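*Asks:* Take a look at the following structure, please.
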Amino acid sequence: MSQPILTIQDVTMRFGGVTAIDKLSFSVQKGEIYGLIGPNGAGKTTIFNNITGNYIPTEGKILFDGKEITGTKPNKVVDIGIARTFQNIRLFKSMSVLENVLIGYHNRMHYSYFEAIFRLPRYWSHEKRIKAQAMELLEEFGIADLADNEATALSYGNQRKVEIARAVATDPKLLLLDEPAAGMNPSETEDLSNIIHKIKKDFGLTILLIEHDMKFVNNMCDLVTVLDYGENIFVGKPADAIVDEKVITAYLGEFKHA
Amino acid sequence: MQKFITNTLLLILAIYLIYWANSNLDNYTLSILNNIGIFAILALSYNLINGVAGQFSLEPNGFVAIGAYMAALFLIPSETKVDMFALVDPAPVVLQMHASFLPALLIAGVTASVIALLLSFPVFRVRGDYLAIVTLGFGFIIRIFAMNKPAYTNGAMGLNDIPGNANFLWIGIIAVITFVVMLHIIYSRFGRAMKAVRDDEDAAIAMGVNTFWIKTSAFMTSAFFEGVGGGLLASFLTTISPDQFTFLLTFQLLIIIVLGGLGSMSGTLLATILVMGGMEWLRFLDDDMNIFGYHTGAHPGMRMVVFAILLIIMMLFARKGLFGDKEIGDTVRKRLGRRKQNAGGDA
């Protein structure tokens, strides 16, 4: 097997006396859609925050493309090629859809502060090129006609699309999606999974996602890891996960024999 | 292209109006205009850090003081300095400082900007209310420094006889430059990043934005123009003392930018005219008024009461300031666009 794009190696995360993640290990191969599931409070979002540098793990290592990235600053992690979305959509509320996506392109426009103030040629050429790219990206998500609308005025499903588009705009290799289908109706969910498959192919992405909707996970993911109280209790195909005894116990509690 | 032509024409018109006003208006009107111009420079730049980047900082009085003192020290001739410094002899470095008007302004701005850079390292470790307290402290430090280092600042007596090179032509043109520079920043990747920091700093970080440098750029730019504005203020008033730079100055600027709309430069411009002009135009309220034969008697300070009530009313009806966080051009363009769309739909 080739080298995995992301490796979590014995990562432990403690908050004071609480152990949110306990010696967790798994690895994601390039081009996979990898699911991270588990009951509420199992530590799924915590591991996301560990990967993106928002939290520094108490112990253990995180490798990306073979290089250790443990403790890299969150904005540097984006430059390396990891982008994320948030569990509760966090769009920039005073900005239009296009501007939200343009923030994703921030580090891909290479004109300086002074070039902006004096409106030198590089400002114009980069702005023009990136705006065209951003429109293409919105086209890909099917929301190009909403580009000038205020982002937070959109429907929930479209807001989610803007958030993912914004993350894709940073040109990531690995995309972390935190409950992308939460709060969506079945048709919106289906629309979303189509789009995720499409962008994965078009941009050559690897995707790590957290999700509760098992149907969605079943449709999307090649492999899943099931977390419970910060521990890895199952790794394998999503179809096998839902019949695994340990997983069922984690979700539904122990079945007591009378 | 059409936008470019409109903007250029507007710019030429603005400069022509400034030129015309400078040579044709009487001194009283010009002094009001000068005041408006200087406060426009200060408020516009303050709005960049406070409104656009959303960092609730209360430091402008500090930077204005730095700019005013730097410009004053560079403009006043050495002989005058020797005569003026009554408490202690001026420090040798003070006597060596010399520059003509524009370089002095530039030095004032750059000094403020460099201090902003140094200040940003401790200051941007905190967010929100804490940032306000820390920056408020900075304003106090600068004032206390000015009071207690008479060898550099002549202490509480302040500096007098500053050459009055600042006329409305200079002030007006620098205000226009400030306005244009602010807009150029806002409509660039840096301005967008500043707004992103204001809306949701963590999300901005997750987009790869180095929010520390974005905040620092806003802070330094803001400080630069506050320093230049301070220099103009010193040259316009020809006399400065530490008492002019209390936090009341900051609050006056804060009133202007909140009234104009946090993040809206055109709103700030309008609010400066309303606030600074209003203070003058409401002066008749202080005097004895004859209302249908009833004499009110003179009430010094009456205009401040009325002004405060007017402000409250304005804020009640325009919660987000006069223009919200949009520029007037955006709003007009949107309206026109909608009308065009509607017309198209009808046809």
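FYI, nothing fancy with the structure tokens labels: chains A, B, ... in order, residues from 1 per chain, ligands from 1 as they appear.
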Give me, as JSON lines, the closest atom pair and its distance (Å, one decimal) for every residue of region 67-173 of chain A within a cut-off of 12 Å of region 221-234 of chain B, counting only C-alpha atoms, rows sorted by chain and rising number.
*Replies:*
{"residue": "A:Tyr113", "atom": "CA", "partner": "B:Thr221", "partner_atom": "CA", "distance": 10.2}
{"residue": "A:Phe114", "atom": "CA", "partner": "B:Thr221", "partner_atom": "CA", "distance": 10.8}
{"residue": "A:Ile117", "atom": "CA", "partner": "B:Thr221", "partner_atom": "CA", "distance": 10.5}
*Asks:* Now that the selection is made, can you save its residues with N, CA, C and O atoms as an mmCIF file, in the first residue's frame?
*Replies:*
data_model
loop_
_atom_site.group_PDB
_atom_site.id
_atom_site.type_symbol
_atom_site.label_atom_id
_atom_site.label_comp_id
_atom_site.auth_asym_id
_atom_site.auth_seq_id
_atom_site.Cartn_x
_atom_site.Cartn_y
_atom_site.Cartn_z
ATOM 1 N N TYR A 113 0.343 44.458 0.002
ATOM 2 C CA TYR A 113 -0.477 45.520 0.568
ATOM 3 C C TYR A 113 -0.310 46.817 -0.237
ATOM 4 O O TYR A 113 -1.290 47.489 -0.550
ATOM 5 N N PHE A 114 0.931 47.129 -0.615
ATOM 6 C CA PHE A 114 1.173 48.381 -1.323
ATOM 7 C C PHE A 114 0.641 48.319 -2.741
ATOM 8 O O PHE A 114 0.138 49.286 -3.277
ATOM 9 N N ILE A 117 -2.903 49.178 -2.378
ATOM 10 C CA ILE A 117 -3.170 50.598 -2.100
ATOM 11 C C ILE A 117 -2.977 51.439 -3.361
ATOM 12 O O ILE A 117 -3.785 52.302 -3.671
#
*Asks:* Using only C-alpha atoms, determine which residues of chain A fall within 7 Å of chain B; present them as a ChimeraX atom specification.
*Replies:* /A:74-76,78-79,83-84,90,92-94,103-104,106-107,116-117,167,170
*Asks:* If I take CA of Phe140 (chain B) and CA of Leu105 (chain B), how far is one from the other in Å, to one decimal?
*Replies:*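 Value for the CA of Phe140 (chain B)-CA of Leu105 (chain B) distance: 23.0 Å.
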*Asks:* If I take CA of Ile130 (chain A) and CA of Val52 (chain B), how far is one from the other in Å, to one decimal?
*Replies:*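 Here the two named atoms are 22.3 Å from each other.
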*Asks:* Restricting the calculation to only C-alpha atoms: of B:Thr246, B:Ser235, B:Ser120, B:Thr8, which residue gets closest to Ala104 (chain B)?
*Replies:* B:Ser235
*Asks:* Pick out each residue of region 28-225 of chain A that DSSP on the backbone tags as strand (DSSP E or B); I need them as JSON, numbers by chain.
*Replies:* {"A": [28, 33, 34, 35, 36, 37, 59, 60, 61, 62, 63, 64, 67, 68, 82, 83, 84, 96, 150, 174, 175, 176, 177, 178, 206, 207, 208, 209, 210, 223, 224, 225]}
*Asks:* Write a file of the just-selected residues containing N, CA, C and O atoms, as a short mmCIF file (atom, residue, chain, number, x, y, z; two decimals), in the first residue's frame.
*Replies:*
data_model
loop_
_atom_site.label_atom_id
_atom_site.label_comp_id
_atom_site.auth_asym_id
_atom_site.auth_seq_id
_atom_site.Cartn_x
_atom_site.Cartn_y
_atom_site.Cartn_z
N VAL A 28 -5.52 7.57 6.67
CA VAL A 28 -6.38 7.80 5.52
C VAL A 28 -5.52 7.75 4.27
O VAL A 28 -4.48 8.40 4.20
N ILE A 33 -12.62 8.47 0.72
CA ILE A 33 -13.54 9.23 1.56
C ILE A 33 -13.64 8.44 2.85
O ILE A 33 -14.09 7.30 2.86
N TYR A 34 -13.16 9.04 3.92
CA TYR A 34 -13.01 8.32 5.17
C TYR A 34 -14.00 8.89 6.17
O TYR A 34 -14.07 10.11 6.35
N GLY A 35 -14.75 8.04 6.83
CA GLY A 35 -15.76 8.52 7.77
C GLY A 35 -15.31 8.37 9.20
O GLY A 35 -14.59 7.44 9.56
N LEU A 36 -15.71 9.33 10.02
CA LEU A 36 -15.41 9.28 11.44
C LEU A 36 -16.75 9.35 12.13
O LEU A 36 -17.44 10.37 12.04
N ILE A 37 -17.17 8.26 12.75
CA ILE A 37 -18.49 8.29 13.39
C ILE A 37 -18.37 7.91 14.85
O ILE A 37 -17.32 7.47 15.32
N GLU A 59 -0.44 13.99 23.63
CA GLU A 59 0.57 13.02 23.23
C GLU A 59 0.29 12.57 21.81
O GLU A 59 -0.82 12.74 21.31
N GLY A 60 1.28 11.98 21.19
CA GLY A 60 1.07 11.37 19.88
C GLY A 60 1.45 12.29 18.73
O GLY A 60 1.83 13.43 18.93
N LYS A 61 1.36 11.75 17.52
CA LYS A 61 1.82 12.46 16.34
C LYS A 61 0.75 12.47 15.27
O LYS A 61 -0.03 11.54 15.15
N ILE A 62 0.76 13.51 14.47
CA ILE A 62 -0.09 13.57 13.29
C ILE A 62 0.81 13.78 12.09
O ILE A 62 1.63 14.70 12.07
N LEU A 63 0.72 12.87 11.11
CA LEU A 63 1.55 12.99 9.91
C LEU A 63 0.66 13.31 8.72
O LEU A 63 -0.41 12.73 8.56
N PHE A 64 1.12 14.25 7.89
CA PHE A 64 0.40 14.57 6.66
C PHE A 64 1.39 14.44 5.52
O PHE A 64 2.44 15.09 5.54
N LYS A 67 4.94 13.90 6.53
CA LYS A 67 5.64 14.86 7.39
C LYS A 67 4.82 15.13 8.65
O LYS A 67 3.60 15.20 8.60
N GLU A 68 5.54 15.29 9.76
CA GLU A 68 4.82 15.55 11.00
C GLU A 68 4.28 16.97 11.01
O GLU A 68 4.97 17.93 10.70
N ILE A 82 -4.59 21.34 4.08
CA ILE A 82 -5.73 20.77 4.79
C ILE A 82 -6.76 21.87 5.00
O ILE A 82 -6.43 22.93 5.54
N ALA A 83 -7.98 21.66 4.54
CA ALA A 83 -9.03 22.65 4.76
C ALA A 83 -10.18 22.02 5.51
O ALA A 83 -10.34 20.80 5.48
N ARG A 84 -10.97 22.83 6.20
CA ARG A 84 -12.05 22.26 7.00
C ARG A 84 -13.33 23.07 6.87
O ARG A 84 -13.33 24.21 6.44
N SER A 96 -20.87 38.81 0.67
CA SER A 96 -21.63 38.07 -0.32
C SER A 96 -21.03 36.66 -0.47
O SER A 96 -19.96 36.38 0.06
N GLU A 150 -26.23 37.93 -0.19
CA GLU A 150 -25.59 37.86 1.11
C GLU A 150 -25.56 36.39 1.53
O GLU A 150 -26.58 35.70 1.46
N LEU A 174 -6.46 17.57 1.39
CA LEU A 174 -7.32 16.86 2.32
C LEU A 174 -8.40 17.82 2.79
O LEU A 174 -8.12 18.94 3.21
N LEU A 175 -9.65 17.37 2.69
CA LEU A 175 -10.76 18.21 3.11
C LEU A 175 -11.43 17.56 4.31
O LEU A 175 -11.79 16.39 4.28
N LEU A 176 -11.57 18.33 5.39
CA LEU A 176 -12.22 17.82 6.59
C LEU A 176 -13.63 18.39 6.66
O LEU A 176 -13.80 19.61 6.68
N LEU A 177 -14.63 17.54 6.66
CA LEU A 177 -16.02 18.02 6.70
C LEU A 177 -16.64 17.59 8.03
O LEU A 177 -16.73 16.41 8.33
N ASP A 178 -17.05 18.58 8.83
CA ASP A 178 -17.62 18.28 10.13
C ASP A 178 -19.15 18.28 10.02
O ASP A 178 -19.76 19.33 9.92
N THR A 206 -8.86 14.18 -1.03
CA THR A 206 -9.10 13.12 -0.07
C THR A 206 -10.03 13.74 0.97
O THR A 206 -9.83 14.89 1.34
N ILE A 207 -11.04 13.00 1.40
CA ILE A 207 -12.01 13.60 2.30
C ILE A 207 -12.13 12.81 3.59
O ILE A 207 -12.24 11.58 3.58
N LEU A 208 -12.05 13.52 4.70
CA LEU A 208 -12.30 12.92 6.00
C LEU A 208 -13.54 13.60 6.55
O LEU A 208 -13.58 14.83 6.64
N LEU A 209 -14.57 12.82 6.86
CA LEU A 209 -15.79 13.49 7.31
C LEU A 209 -16.36 12.87 8.58
O LEU A 209 -16.23 11.68 8.83
N ILE A 210 -16.97 13.74 9.36
CA ILE A 210 -17.70 13.32 10.55
C ILE A 210 -19.16 13.34 10.18
O ILE A 210 -19.62 14.30 9.55
N LEU A 223 -14.19 3.81 3.99
CA LEU A 223 -13.84 3.21 5.27
C LEU A 223 -14.37 4.11 6.39
O LEU A 223 -14.52 5.32 6.20
N VAL A 224 -14.64 3.51 7.54
CA VAL A 224 -15.01 4.33 8.69
C VAL A 224 -14.21 3.91 9.91
O VAL A 224 -13.78 2.76 10.03
N THR A 225 -14.03 4.88 10.80
CA THR A 225 -13.52 4.60 12.13
C THR A 225 -14.61 4.99 13.09
O THR A 225 -15.20 6.06 12.96
#
*Asks:* Find the residues near Leu118 (chain B): any atom within 10 Å, counting only C-alpha atoms, skip ones fewer than 4 places away on the same chain, and give them as a list in words.
*Replies:*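 Final neighbour list, sorted by chain and number: Ser113, Val114, Pro122, Val123, Thr216 and Met220 of chain B.
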*Asks:* At a cut-off of 10 Å, using only C-alpha atoms, what residues contact Lys320 (chain B)? Leave out same-chain residues fewer than 6 positions from it and give the result as JSON, numbers by chain.
*Replies:* {"B": [258, 259, 260, 261, 262, 263]}
*Asks:* Please dump the current selection as a CSV table (one decimal), in the first residue's frame; keep N, CA and C atoms.
*Replies:*
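Result file is part04.csv:
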chain,number,residue,atom,x,y,z
B,258,VAL,N,-19.4,55.3,14.6
B,258,VAL,CA,-20.6,54.5,14.8
B,258,VAL,C,-21.8,55.1,14.1
B,259,LEU,N,-21.8,56.5,14.1
B,259,LEU,CA,-22.9,57.2,13.4
B,259,LEU,C,-22.9,56.9,11.9
B,260,GLY,N,-21.7,57.0,11.4
B,260,GLY,CA,-21.5,56.8,9.9
B,260,GLY,C,-21.7,55.3,9.5
B,261,GLY,N,-21.5,54.4,10.5
B,261,GLY,CA,-21.6,53.0,10.2
B,261,GLY,C,-20.2,52.4,10.2
B,262,LEU,N,-20.1,51.4,11.1
B,262,LEU,CA,-18.8,50.7,11.3
B,262,LEU,C,-18.4,50.0,10.0
B,263,GLY,N,-17.4,50.4,9.4
B,263,GLY,CA,-16.9,49.7,8.2
B,263,GLY,C,-17.3,50.5,6.9
*Asks:* Would you mind telling me which residue in A:Ala42, A:Thr12, A:Pro4, A:Ile47 lies nearest to Ala250 (chain A) when using only C-alpha atoms?
*Replies:*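 Of the candidates, the smallest distance to Ala250 (chain A) is held by A:Ala42.
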*Asks:* Which residue gives the smallest distance to Ile89 (chain A) among A:Pro180, A:Arg108, A:Arg122, A:Arg14, with only C-alpha atoms counted?
*Replies:*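 Of A:Pro180, A:Arg108, A:Arg122, A:Arg14, the one nearest Ile89 (chain A) is A:Pro180, counting only C-alpha atoms.
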*Asks:* Could you tell me, as a ChimeraX atom specification, which residues of region 3-160 of chain A DSSP assigns to helix (DSSP H, G or I) when given the backbone?
*Replies:* /A:44-51,74-80,97-104,106-108,113-117,121-140,144-146,151-153,156-160
*Asks:* Between CA of Ile141 (chain B) and CA of Leu48 (chain B), what is the distance, to one decimal in Å?
*Replies:* 22.9 Å
